[in-house]
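> Input structure: model03.txt, which contains compact mmCIF, C-alpha atoms.
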# COMPACT_ATOMS: atom_id res chain seq x y z
CA MET P 200 -2.11 -67.30 -12.50
CA PRO P 201 -4.44 -66.67 -9.53
CA TYR P 202 -5.55 -63.38 -11.10
CA PHE P 203 -6.29 -65.20 -14.36
CA ILE P 204 -8.38 -67.78 -12.51
CA VAL P 205 -10.35 -65.22 -10.57
CA PHE P 206 -11.13 -62.76 -13.33
CA LEU P 207 -11.84 -65.35 -16.03
CA LEU P 208 -13.44 -68.21 -14.14
CA THR P 209 -15.38 -66.43 -11.41
CA PRO P 210 -17.79 -64.57 -13.75
CA ILE P 211 -18.45 -67.89 -15.51
CA GLY P 212 -19.08 -69.54 -12.13
CA VAL P 213 -21.42 -66.72 -11.09
CA ALA P 214 -23.37 -67.02 -14.36
CA ILE P 215 -23.73 -70.80 -13.92
CA ALA P 216 -24.84 -70.38 -10.31
CA LEU P 217 -27.46 -67.74 -11.28
CA TYR P 218 -28.74 -69.95 -14.10
CA ARG P 219 -29.01 -72.97 -11.81
CA ARG P 220 -30.86 -70.93 -9.20
CA ASN P 221 -33.55 -69.74 -11.60
CA PRO P 222 -33.11 -70.55 -15.33
CA ARG P 223 -36.18 -68.58 -16.44
CA ARG P 224 -35.19 -65.44 -14.56
CA PHE P 225 -31.60 -65.72 -15.86
CA LEU P 226 -32.73 -65.92 -19.49
CA ASP P 227 -35.81 -63.66 -19.44
CA GLY P 228 -34.72 -61.16 -16.81
CA PRO P 229 -36.55 -60.37 -13.55
CA ALA P 230 -40.33 -60.64 -13.58
CA ASP P 231 -41.15 -57.79 -11.14
CA ASP P 232 -40.45 -54.17 -12.09
CA ALA P 233 -37.34 -52.20 -11.21
CA PRO P 234 -38.92 -49.68 -8.79
CA GLN P 235 -40.48 -52.45 -6.75
CA ARG P 236 -37.26 -54.46 -6.63
CA LEU P 237 -35.28 -51.40 -5.57
CA LEU P 238 -37.73 -50.54 -2.82
CA LEU P 239 -38.03 -54.15 -1.63
CA TRP P 240 -34.27 -54.26 -1.25
CA ALA P 241 -34.12 -50.92 0.57
CA VAL P 242 -36.94 -51.63 3.04
CA SER P 243 -35.37 -54.99 3.88
CA LEU P 244 -32.56 -52.96 5.48
CA LEU P 245 -34.88 -51.16 7.87
CA SER P 246 -34.76 -52.09 11.53
CA PRO P 247 -37.74 -54.20 12.73
CA ARG P 248 -39.01 -51.10 14.57
CA ARG P 249 -39.46 -49.36 11.20
CA ALA P 250 -40.83 -52.33 9.26
CA GLU P 251 -44.30 -50.78 9.15
CA TRP P 252 -42.90 -47.75 7.32
CA GLY P 253 -41.30 -50.01 4.76
CA GLN P 254 -44.67 -51.64 4.15
CA ALA P 255 -46.21 -48.16 3.89
CA MET P 256 -43.75 -47.20 1.14
CA LEU P 257 -44.34 -50.46 -0.74
CA GLY P 258 -48.10 -50.11 -0.41
CA GLU P 259 -47.99 -46.57 -1.77
CA LEU P 260 -45.77 -47.60 -4.69
CA ALA P 261 -48.22 -50.35 -5.64
CA HIS P 262 -50.92 -47.69 -6.15
CA LEU P 263 -48.84 -45.44 -8.38
CA GLU P 264 -49.12 -45.52 -12.17
CA GLY P 265 -46.45 -44.59 -14.69
CA ARG P 266 -42.90 -45.93 -14.76
CA ARG P 267 -41.20 -42.57 -14.30
CA ARG P 268 -43.37 -41.57 -11.35
CA ARG P 269 -42.90 -44.97 -9.72
CA LEU P 270 -39.15 -44.85 -10.25
CA ARG P 271 -38.83 -41.39 -8.70
CA PHE P 272 -40.97 -42.40 -5.75
CA ALA P 273 -38.99 -45.63 -5.25
CA PHE P 274 -35.63 -43.84 -5.44
CA GLY P 275 -36.73 -41.30 -2.85
CA CYS P 276 -38.06 -43.93 -0.49
CA ALA P 277 -34.97 -46.12 -0.95
CA GLY P 278 -32.77 -43.18 -0.01
CA ALA P 279 -34.88 -42.51 3.07
CA ALA P 280 -34.85 -46.19 4.06
CA LEU P 281 -31.07 -46.37 3.71
CA ILE P 282 -30.47 -43.63 6.24
CA MET P 283 -33.51 -44.04 8.47
CA PRO P 284 -32.55 -44.65 12.11
CA PRO P 285 -32.26 -46.59 14.37
CA TRP P 286 -29.00 -48.06 13.15
CA GLY P 287 -28.00 -49.80 16.36
CA ARG P 288 -24.44 -51.06 16.43
CA ALA P 289 -24.17 -50.79 12.64
CA ALA P 290 -23.68 -47.04 13.11
CA VAL P 291 -20.32 -47.69 14.80
CA GLY P 292 -19.10 -49.74 11.85
CA LEU P 293 -20.26 -47.17 9.33
CA GLY P 294 -18.72 -44.35 11.38
CA ALA P 295 -15.39 -46.18 11.34
CA ALA P 296 -15.62 -46.77 7.57
CA ILE P 297 -16.43 -43.09 6.96
CA ALA P 298 -13.51 -42.00 9.17
CA VAL P 299 -11.08 -44.29 7.32
CA THR P 300 -12.34 -43.07 3.93
CA ALA P 301 -12.25 -39.41 4.95
CA GLY P 302 -8.67 -39.90 6.20
CA SER P 303 -7.57 -41.40 2.87
CA LEU P 304 -9.24 -38.74 0.74
CA THR P 305 -7.98 -35.87 2.90
CA LEU P 306 -4.44 -37.22 2.80
CA TYR P 307 -4.64 -37.71 -0.96
CA ALA P 308 -5.84 -34.12 -1.42
CA SER P 309 -3.09 -32.83 0.90
CA LEU P 310 -0.44 -34.70 -1.08
CA ALA P 311 -1.86 -33.43 -4.38
CA ALA P 312 -1.79 -29.85 -3.06
CA HIS P 313 1.63 -30.15 -1.38
CA TYR P 314 3.41 -31.58 -4.42
CA GLY P 315 1.45 -29.42 -6.89
CA LEU P 316 0.08 -32.38 -8.83
CA GLY P 317 -1.69 -31.76 -12.12
CA ALA P 318 -5.33 -31.74 -13.15
CA GLY P 319 -5.22 -35.46 -13.93
CA ASP P 320 -4.50 -36.27 -10.29
CA TRP P 321 -7.36 -34.10 -9.09
CA ILE P 322 -9.65 -35.87 -11.54
CA ALA P 323 -8.31 -39.17 -10.16
CA LEU P 324 -9.16 -37.92 -6.66
CA ALA P 325 -12.71 -37.13 -7.79
CA VAL P 326 -13.02 -40.61 -9.29
CA LEU P 327 -11.64 -42.09 -6.07
CA GLY P 328 -14.23 -40.11 -4.11
CA ILE P 329 -17.02 -41.55 -6.25
CA ILE P 330 -15.64 -45.09 -5.83
CA CYS P 331 -15.35 -44.62 -2.06
CA ALA P 332 -18.89 -43.21 -1.86
CA GLY P 333 -20.12 -46.34 -3.64
CA PHE P 334 -18.14 -48.49 -1.21
CA LEU P 335 -19.66 -46.68 1.77
CA LEU P 336 -23.16 -47.01 0.35
CA GLY P 337 -22.63 -50.73 -0.16
CA ALA P 338 -21.11 -51.11 3.29
CA SER P 339 -23.99 -49.20 4.90
CA ALA P 340 -26.48 -51.64 3.35
CA LEU P 341 -24.49 -54.69 4.42
CA LEU P 342 -23.81 -53.41 7.93
CA ARG P 343 -27.53 -53.20 8.62
CA ARG P 344 -28.10 -56.88 7.83
CA PRO P 345 -28.37 -58.87 11.05
CA GLY P 346 -25.24 -60.86 11.89
CA ILE P 347 -23.12 -59.50 9.03
CA ALA P 348 -21.30 -56.50 10.55
CA LEU P 349 -18.95 -58.29 12.95
CA PRO P 350 -17.72 -61.13 10.68
CA GLY P 351 -17.63 -58.81 7.66
CA LEU P 352 -15.50 -56.14 9.33
CA ALA P 353 -13.34 -58.76 11.05
CA GLY P 354 -12.85 -60.45 7.67
CA GLY P 355 -11.75 -57.15 6.15
CA VAL P 356 -9.21 -56.53 8.91
CA PHE P 357 -8.01 -60.14 8.60
CA GLY P 358 -7.50 -59.73 4.85
CA VAL P 359 -5.47 -56.53 5.32
CA VAL P 360 -3.36 -57.96 8.16
CA VAL P 361 -2.49 -61.09 6.16
CA GLY P 362 -1.65 -58.95 3.12
CA LEU P 363 0.58 -56.67 5.19
CA SER P 364 2.23 -59.63 6.94
CA ILE P 365 3.22 -61.01 3.57
CA ALA P 366 4.21 -57.71 1.93
CA GLY P 367 5.74 -56.11 5.03
CA PHE P 368 4.43 -53.34 7.21
CA THR P 369 6.84 -50.53 6.29
CA ALA P 370 6.10 -47.72 3.87
CA VAL P 371 8.80 -48.96 1.49
CA ASP P 372 7.13 -52.39 1.40
CA GLN P 373 3.90 -50.77 0.29
CA VAL P 374 5.42 -49.33 -2.88
CA SER P 375 8.07 -51.92 -3.77
CA PHE P 376 6.58 -55.31 -2.93
CA ILE P 377 6.28 -57.79 -5.80
CA PRO P 378 4.56 -60.98 -4.62
CA ARG P 379 5.89 -64.45 -5.36
CA PRO P 380 3.48 -67.00 -6.82
CA TRP P 381 2.69 -68.71 -3.50
CA GLN P 382 2.03 -65.31 -1.90
CA GLN P 383 -0.42 -64.51 -4.69
CA TRP P 384 -2.25 -67.76 -4.03
CA VAL P 385 -2.55 -66.87 -0.35
CA THR P 386 -3.77 -63.29 -0.79
CA VAL P 387 -5.87 -63.78 -3.92
CA ILE P 388 -7.41 -67.19 -3.30
CA ALA P 389 -6.87 -68.60 0.22
CA VAL P 390 -7.73 -65.56 2.35
CA PRO P 391 -10.86 -64.41 0.43
CA ALA P 392 -12.03 -68.04 0.25
CA ALA P 393 -11.56 -68.43 4.01
CA ILE P 394 -13.57 -65.25 4.64
CA GLY P 395 -16.48 -66.40 2.47
CA ALA P 396 -16.48 -69.94 3.87
CA VAL P 397 -16.30 -68.81 7.49
CA GLY P 398 -19.08 -66.31 6.83
CA THR P 399 -21.31 -69.11 5.59
CA LEU P 400 -20.43 -71.46 8.45
CA TRP P 401 -20.87 -68.64 11.01
CA ARG P 402 -24.54 -68.19 10.11
CA ARG P 403 -25.06 -71.58 8.39
CA ASP P 404 -26.40 -69.60 5.44
CA PRO P 405 -24.63 -69.08 2.09
CA ALA P 406 -26.42 -65.76 1.53
CA ALA P 407 -24.93 -64.50 4.80
CA GLY P 408 -21.51 -65.80 3.70
CA ARG P 409 -21.73 -63.87 0.45
CA ARG P 410 -22.66 -60.69 2.32
CA VAL P 411 -19.80 -61.23 4.77
CA ALA P 412 -17.42 -61.60 1.81
CA ARG P 413 -18.72 -58.39 0.22
CA LEU P 414 -18.46 -56.39 3.43
CA ALA P 415 -14.99 -57.80 4.07
CA ALA P 416 -13.97 -56.81 0.54
CA LEU P 417 -15.23 -53.25 0.97
CA SER P 418 -13.73 -52.74 4.42
CA ALA P 419 -10.39 -54.32 3.42
CA GLY P 420 -10.24 -52.11 0.35
CA LEU P 421 -10.84 -48.92 2.34
CA LEU P 422 -8.42 -49.90 5.11
CA GLN P 423 -5.68 -50.85 2.65
CA LEU P 424 -6.22 -47.58 0.79
CA LEU P 425 -5.61 -45.61 3.99
CA TYR P 426 -2.49 -47.61 4.82
CA ALA P 427 -1.08 -47.23 1.31
CA THR P 428 -1.86 -43.49 1.18
CA VAL P 429 -0.10 -42.99 4.54
CA ALA P 430 2.87 -44.89 3.10
CA VAL P 431 3.02 -42.50 0.14
CA ALA P 432 2.85 -39.54 2.53
CA ILE P 433 5.71 -40.95 4.62
CA LEU P 434 7.93 -41.70 1.62
CA GLY P 435 7.14 -38.62 -0.42
CA GLY P 436 9.39 -38.78 -3.47
CA GLY P 437 11.86 -41.01 -1.60
CA GLY P 438 12.07 -44.75 -1.32
CA PRO P 439 13.15 -47.13 -4.04
CA PRO P 440 13.31 -45.65 -7.54
CA ASP P 441 10.48 -46.56 -9.84
CA GLN P 442 11.35 -49.31 -12.28
CA ASP P 443 10.07 -47.27 -15.20
CA GLY P 444 12.67 -44.62 -14.36
CA GLY P 445 12.76 -41.01 -15.44
CA PHE P 446 10.10 -39.86 -12.99
CA THR P 447 10.16 -36.56 -11.21
CA VAL P 448 9.04 -36.32 -7.56
CA ARG P 449 5.60 -35.26 -8.77
CA GLY P 450 5.50 -38.16 -11.20
CA THR P 451 6.50 -40.62 -8.48
CA ILE P 452 3.83 -39.38 -6.07
CA SER P 453 1.22 -39.36 -8.81
CA ASP P 454 2.17 -42.88 -9.90
CA ARG P 455 2.02 -44.26 -6.36
CA LEU P 456 -1.35 -42.67 -5.65
CA GLY P 457 -2.68 -44.02 -8.94
CA ASN P 458 -1.43 -47.51 -8.06
CA ASN P 459 -3.34 -47.29 -4.79
CA ILE P 460 -6.57 -46.64 -6.68
CA VAL P 461 -5.96 -49.64 -8.95
CA ASP P 462 -5.12 -51.81 -5.90
CA LEU P 463 -8.31 -50.64 -4.21
CA VAL P 464 -10.52 -51.69 -7.12
CA VAL P 465 -8.71 -54.94 -7.97
CA GLY P 466 -8.25 -56.05 -4.34
CA THR P 467 -11.89 -55.40 -3.50
CA LEU P 468 -13.14 -57.26 -6.57
CA LEU P 469 -10.89 -60.23 -5.80
CA ILE P 470 -12.07 -60.65 -2.22
CA ALA P 471 -15.70 -60.16 -3.18
CA MET P 472 -15.64 -62.63 -6.07
CA VAL P 473 -13.54 -65.39 -4.48
CA GLY P 474 -15.38 -64.94 -1.18
CA TRP P 475 -18.68 -65.18 -3.04
CA ALA P 476 -17.64 -68.46 -4.67
CA ALA P 477 -16.29 -69.91 -1.42
CA ALA P 478 -19.47 -68.92 0.44
CA ALA P 479 -21.57 -70.68 -2.21
CA LEU P 480 -19.41 -73.82 -2.02
CA ALA P 481 -19.51 -73.84 1.77
CA GLY P 482 -23.28 -73.44 1.53
CA ARG P 483 -23.51 -76.65 -0.46
CA LEU P 484 -21.51 -78.45 2.21
CA VAL P 485 -23.70 -77.00 4.97
CA ARG P 486 -26.85 -78.14 3.18
CA ARG P 487 -25.49 -81.69 2.97
CA THR P 488 -24.62 -81.74 6.66
CA PRO P 489 -27.63 -82.65 8.82
CA ALA P 490 -28.74 -79.90 11.18
CA PRO P 491 -28.17 -80.45 14.91
CA ALA P 492 -31.08 -82.04 16.77
CA ILE P 493 -31.43 -79.16 19.25
CA SER P 494 -31.99 -75.81 17.60
CA VAL P 495 -30.94 -72.64 19.37
CA ARG P 496 -33.48 -69.88 19.32
CA GLU P 497 -32.10 -66.62 18.02
CA GLY P 498 -32.74 -63.42 19.95
CA MET N 52 -34.35 -38.49 25.76
CA GLN N 53 -36.39 -36.80 23.06
CA ARG N 54 -35.01 -33.61 21.59
CA ASN N 55 -37.46 -30.80 21.02
CA ARG N 56 -35.85 -28.97 18.16
CA PRO N 57 -37.98 -26.44 16.29
CA PRO N 58 -39.57 -28.11 13.25
CA SER N 59 -38.01 -27.52 9.84
CA PRO N 60 -39.91 -25.43 7.24
CA GLN N 61 -40.74 -28.66 5.40
CA THR N 62 -42.16 -30.22 8.57
CA VAL N 63 -44.20 -27.09 9.25
CA ASN N 64 -45.53 -27.27 5.71
CA VAL N 65 -46.60 -30.89 6.21
CA LEU N 66 -48.22 -30.04 9.56
CA LEU N 67 -50.13 -27.08 8.12
CA THR N 68 -51.33 -29.15 5.17
CA LEU N 69 -52.57 -31.90 7.47
CA ALA N 70 -54.18 -29.32 9.76
CA ALA N 71 -56.12 -27.75 6.88
CA ASP N 72 -58.57 -30.66 7.07
CA PRO N 73 -57.60 -32.53 10.25
CA ALA N 74 -60.34 -35.17 10.09
CA ARG N 75 -59.35 -36.35 6.62
CA TRP N 76 -57.04 -39.34 6.16
CA ARG N 77 -54.37 -38.78 3.51
CA TYR N 78 -52.17 -41.00 1.36
CA GLY N 79 -48.40 -40.52 1.41
CA TYR N 80 -48.05 -39.77 -2.31
CA ASP N 81 -50.94 -37.27 -2.35
CA LEU N 82 -49.45 -35.51 0.66
CA ALA N 83 -46.02 -35.38 -1.00
CA THR N 84 -47.57 -33.87 -4.13
CA GLU N 85 -49.52 -31.32 -2.11
CA VAL N 86 -46.55 -30.10 -0.08
CA ARG N 87 -44.17 -30.50 -3.05
CA LEU N 88 -41.79 -32.77 -1.23
CA LYS N 89 -40.04 -35.82 -2.63
CA SER N 90 -40.85 -39.16 -1.05
CA GLY N 91 -37.33 -39.31 0.37
CA SER N 92 -37.99 -36.14 2.38
CA LEU N 93 -41.63 -36.79 3.26
CA TYR N 94 -41.33 -40.20 4.89
CA PRO N 95 -38.63 -39.26 7.42
CA ILE N 96 -40.83 -36.29 8.41
CA LEU N 97 -43.86 -38.54 8.84
CA VAL N 98 -41.81 -41.00 10.91
CA ARG N 99 -40.60 -38.22 13.22
CA LEU N 100 -44.12 -36.80 13.60
CA ALA N 101 -45.50 -40.25 14.43
CA ASP N 102 -42.67 -40.82 16.94
CA ARG N 103 -43.59 -37.57 18.68
CA GLY N 104 -47.25 -38.59 18.84
CA LEU N 105 -48.35 -35.81 16.48
CA LEU N 106 -49.38 -38.08 13.62
CA GLU N 107 -51.92 -40.88 13.59
CA THR N 108 -51.56 -43.70 11.07
CA SER N 109 -53.99 -46.28 9.77
CA TRP N 110 -54.18 -48.91 7.04
CA GLU N 111 -56.65 -48.96 4.19
CA ALA N 112 -57.43 -52.52 3.13
CA GLY N 113 -55.84 -53.63 -0.14
CA VAL N 114 -57.99 -54.03 -3.22
CA GLY N 115 -57.46 -57.12 -5.37
CA SER N 116 -53.75 -57.82 -5.75
CA ARG N 117 -52.78 -54.39 -4.43
CA PRO N 118 -51.40 -54.29 -0.88
CA PRO N 119 -52.89 -52.19 1.96
CA ARG N 120 -52.18 -48.47 1.88
CA HIS N 121 -50.98 -46.33 4.77
CA LEU N 122 -53.06 -43.31 5.80
CA TYR N 123 -52.12 -40.27 7.85
CA ARG N 124 -53.79 -37.53 9.85
CA LEU N 125 -52.98 -35.38 12.88
CA THR N 126 -53.67 -36.60 16.40
CA GLY N 127 -55.23 -34.35 19.03
CA ALA N 128 -51.73 -33.48 20.23
CA GLY N 129 -50.78 -32.76 16.63
CA ARG N 130 -53.63 -30.31 16.23
CA GLU N 131 -52.69 -28.56 19.47
CA PHE N 132 -49.08 -28.39 18.30
CA VAL N 133 -50.10 -26.80 14.99
CA ALA N 134 -52.34 -24.33 16.85
CA ALA N 135 -49.46 -23.35 19.13
CA LEU N 136 -47.11 -23.14 16.15
CA THR N 137 -49.50 -20.90 14.23
CA ALA N 138 -50.00 -18.64 17.28
CA ALA N 139 -46.24 -18.34 17.79
CA ARG N 140 -45.73 -17.47 14.12
CA ARG N 141 -48.49 -14.85 14.33
CA ASP N 142 -46.90 -13.30 17.43
CA ARG N 143 -43.50 -13.26 15.74
CA SER N 144 -44.80 -11.61 12.58
CA ALA N 145 -46.65 -9.05 14.73
CA ALA N 146 -43.48 -8.28 16.70
CA GLN N 147 -41.24 -7.90 13.68
CA PRO N 148 -42.72 -4.63 12.25
CA ARG N 149 -42.45 -3.08 15.73
CA ARG N 150 -38.78 -4.07 15.93
CA ARG N 151 -38.16 -2.64 12.48
CA LEU N 152 -39.77 0.63 13.59
CA SER N 153 -37.70 0.77 16.78
CA GLU N 154 -34.52 0.02 14.77
CA ALA N 155 -35.36 2.93 12.48
How does the structure come out when it is put into structure tokens?

Amino acid sequence: MPYFIVFLLTPIGVAIALYRRNPRRFLDGPADDAPQRLLLWAVSLLSPRRAEWGQAMLGELAHLEGRRRRLRFAFGCAGAALIMPPWGRAAVGLGAAIAVTAGSLTLYASLAAHYGLGAGDWIALAVLGIICAGFLLGASALLRRPGIALPGLAGGVFGVVVGLSIAGFTAVDQVSFIPRPWQQWVTVIAVPAAIGAVGTLWRRDPAAGRRVARLAALSAGLLQLLYATVAVAILGGGGPPDQDGGFTVRGTISDRLGNNIVDLVVGTLLIAMVGWAAAALAGRLVRRTPAPAISVREG
Amino acid sequence: MQRNRPPSPQTVNVLLTLAADPARWRYGYDLATEVRLKSGSLYPILVRLADRGLLETSWEAGVGSRPPRHLYRLTGAGREFVAALTAARRDRSAAQPRRRLSEA
């Protein structure tokens, strides 16, 4: 039931929210061109020390003619802006995310080699690598936003800890757990909603809440993937027999690793979408609440 | 602390191109086309050169709805750096045939 609600109702909710925000843009599409939008997004991630260089890239793009030339220029600049130092404390968060991802992928490859898995599993590993690279790229952009890294990463850890507390921390729990309905409501609805709402209340800004939810989703997905891959490595072909039956050791390992990839994608989408909705709802409540009389100046 | 690593071939190329006409201000895209670098490689090089005080930047006022445009040229220190770099390369290329002869 919670899965049905999230995957059916959330896209409808997102569409309504986008339409309400700007009906013309929703129906006609964005007014400004793709290269400019891409570059605007990328330079917004630059540290204030590098803001002038972002303006330089935008200024240069505005003088270029031809869609293809503009697109190539914008892609190059966006790539440069994404990795341009200084990163400040965001570098620590990204370093941790890269380490977790590298651990998962290395372990997956070791298991595939050790158990002599087939070509399909190596293809799955390649697909997983692409997914993880996308996650890291998304996380790198979110980590550089001011005030997002700490609540986002903490939200991700919170989501994983709650999930493990419900499922159990052992390796067997990771491959045999079937949640009851109330447990699904907690992990699929309550926890992601809490992350999104707290993110909004933390910064008193729904946009910040949505970013916190996205970063929490990405970090929780990567962390859970590592935990689940370690569980497969510990169990090997052991543990409870698969309900489908008739599996060899290779088949069991392959099946468990494949399940981890599905869990990664589904779990991340759930947290991101429910967190997004909760952040938007909390934002409406924040807007209705009068601001405190004394404003605190941000450093 | 600033690291003084030897410049990459791409950086040397940018420096030599800028040094060819050091008084002239250049646009980023024109420079990228001239040195055959993509924008994603050129801008980090320009940032590093500016950080080291080798590159001077300026803004050209925007025309109509177009925003201002960034301009680049070498500073005095940048010109001296290129001169030293060129001299070092000349010395190295002069020493190499001698080494080859002695190896033979």
> Once you count all atoms listed in the file, what closest atom pair and distance in Å to one decimal does each residue of chain P within 12 Å of chain N have, with rows by chain and rising residue number, as CSV?

residue,atom,partner,partner_atom,distance
P:Leu238,CA,N:Gly91,CA,11.7
P:Arg248,CA,N:Val98,CA,11.1
P:Arg249,CA,N:Val98,CA,8.7
P:Ala250,CA,N:Val98,CA,11.5
P:Glu251,CA,N:His121,CA,9.1
P:Trp252,CA,N:Val98,CA,7.7
P:Gly253,CA,N:Tyr94,CA,9.8
P:Gln254,CA,N:His121,CA,8.3
P:Ala255,CA,N:His121,CA,5.2
P:Met256,CA,N:His121,CA,8.1
P:Leu257,CA,N:Pro118,CA,8.0
P:Gly258,CA,N:Arg120,CA,5.0
P:Glu259,CA,N:Arg120,CA,5.9
P:Leu260,CA,N:Tyr80,CA,8.5
P:Ala261,CA,N:Arg117,CA,6.2
P:His262,CA,N:Arg117,CA,7.2
P:Leu263,CA,N:Tyr80,CA,8.3
P:Glu264,CA,N:Tyr80,CA,11.5
P:Arg268,CA,N:Tyr80,CA,10.3
P:Arg269,CA,N:Tyr80,CA,10.4
P:Leu270,CA,N:Ser90,CA,11.0
P:Arg271,CA,N:Ser90,CA,8.2
P:Phe272,CA,N:Ser90,CA,5.7
P:Ala273,CA,N:Ser90,CA,7.9
P:Phe274,CA,N:Gly91,CA,7.6
P:Gly275,CA,N:Gly91,CA,3.8
P:Cys276,CA,N:Gly91,CA,4.8
P:Ala277,CA,N:Gly91,CA,7.3
P:Gly278,CA,N:Gly91,CA,6.0
P:Ala279,CA,N:Gly91,CA,4.9
P:Ala280,CA,N:Gly91,CA,8.2
P:Leu281,CA,N:Gly91,CA,10.0
P:Ile282,CA,N:Pro95,CA,9.3
P:Met283,CA,N:Pro95,CA,7.1
P:Pro284,CA,N:Pro95,CA,9.4
P:Pro285,CA,N:Val98,CA,11.6
> Please list as a VMD selection string every residue within 9 Å of Ser453 in chain P, counting only C-alpha atoms and excluding residues in the same chain fewer than 5 positions away.
chain P and resid 311 316 to 317 320 448 458
> As an exercise, work out the distance from CA of Ala430 in chain P to CA of Val291 in chain P in Å and give it to one decimal place.
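If I compute the distance from CA of Ala430 in chain P to CA of Val291 in chain P, I get 26.1 Å.
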> As lines of an AutoDock Vina configuration file, what would the box around range 280-288 of chain P look like: edges along x, y and z, 3 Å added on every side, centre and edge lengths in Å to one decimal?

center_x = -29.6
center_y = -47.3
center_z = 10.1
size_x = 16.4
size_y = 13.4
size_z = 18.7
> Of the candidates N:Ala135, N:Arg143, N:Asn64, N:Trp76, which one gets nearest to Thr108 in chain N if we count only C-alpha atoms?
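Between N:Ala135, N:Arg143, N:Asn64, N:Trp76, the residue approaching Thr108 in chain N most closely is N:Trp76.
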> Given only C-alpha atoms as the basis, pick out the residue of P:Ala471, P:Val465, P:Ala298, P:Gly436 nearest to Tyr202 in chain P.
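With only C-alpha atoms as the atom set, the closest residue is P:Val465.
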> State, in Å with one decimal place, the distance from CA of Arg288 in chain P to CA of Arg343 in chain P.
8.7 Å
> By how many Å are CA of Val429 in chain P and CA of Val356 in chain P apart?
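Separating CA of Val429 in chain P from CA of Val356 in chain P is a distance of 16.9 Å.
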> I'd like the contact shell of range 123-125 of chain N - 7 Å cut-off, all atoms listed in the file, skipping same-chain residues fewer than 3 positions apart - returned as a list of chain:residue names.
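Final neighbour list, sorted by chain and number: N:Leu69, N:Ala70, N:Pro73, N:Ala74, N:Arg75, N:Trp76, N:Arg77, N:Tyr78, N:Leu105, N:Leu106, N:Glu107, N:Thr108, N:Ser109, N:Gly129, N:Arg130.
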> Please complete range 428-441 of chain P so it has N, CA and C atoms, and hand it over as a compact mmCIF listing (two decimals), in the frame of the given file.

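Written output follows (rebuild.txt):
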# COMPACT_ATOMS: atom_id res chain seq x y z
N THR P 428 -1.96 -44.95 1.36
CA THR P 428 -1.86 -43.49 1.18
C THR P 428 -0.93 -42.90 2.24
N VAL P 429 -1.02 -43.43 3.48
CA VAL P 429 -0.10 -42.99 4.54
C VAL P 429 1.33 -43.32 4.14
N ALA P 430 1.52 -44.49 3.54
CA ALA P 430 2.87 -44.89 3.10
C ALA P 430 3.42 -43.90 2.08
N VAL P 431 2.58 -43.47 1.15
CA VAL P 431 3.02 -42.50 0.14
C VAL P 431 3.38 -41.18 0.83
N ALA P 432 2.58 -40.80 1.81
CA ALA P 432 2.85 -39.54 2.53
C ALA P 432 4.18 -39.63 3.28
N ILE P 433 4.46 -40.79 3.87
CA ILE P 433 5.71 -40.95 4.62
C ILE P 433 6.92 -40.90 3.67
N LEU P 434 6.80 -41.61 2.55
CA LEU P 434 7.93 -41.70 1.62
C LEU P 434 8.13 -40.43 0.81
N GLY P 435 7.04 -39.77 0.48
CA GLY P 435 7.14 -38.62 -0.42
C GLY P 435 7.73 -39.09 -1.75
N GLY P 436 8.74 -38.37 -2.22
CA GLY P 436 9.39 -38.78 -3.47
C GLY P 436 10.52 -39.76 -3.23
N GLY P 437 10.75 -40.11 -1.95
CA GLY P 437 11.86 -41.01 -1.60
C GLY P 437 11.51 -42.47 -1.82
N GLY P 438 12.30 -43.32 -1.17
CA GLY P 438 12.07 -44.75 -1.32
C GLY P 438 12.75 -45.29 -2.56
N PRO P 439 12.47 -46.52 -2.88
CA PRO P 439 13.15 -47.13 -4.04
C PRO P 439 12.73 -46.44 -5.33
N PRO P 440 13.67 -46.31 -6.27
CA PRO P 440 13.31 -45.65 -7.54
C PRO P 440 12.32 -46.51 -8.32
N ASP P 441 11.48 -45.83 -9.05
CA ASP P 441 10.48 -46.56 -9.84
C ASP P 441 11.16 -47.30 -10.97
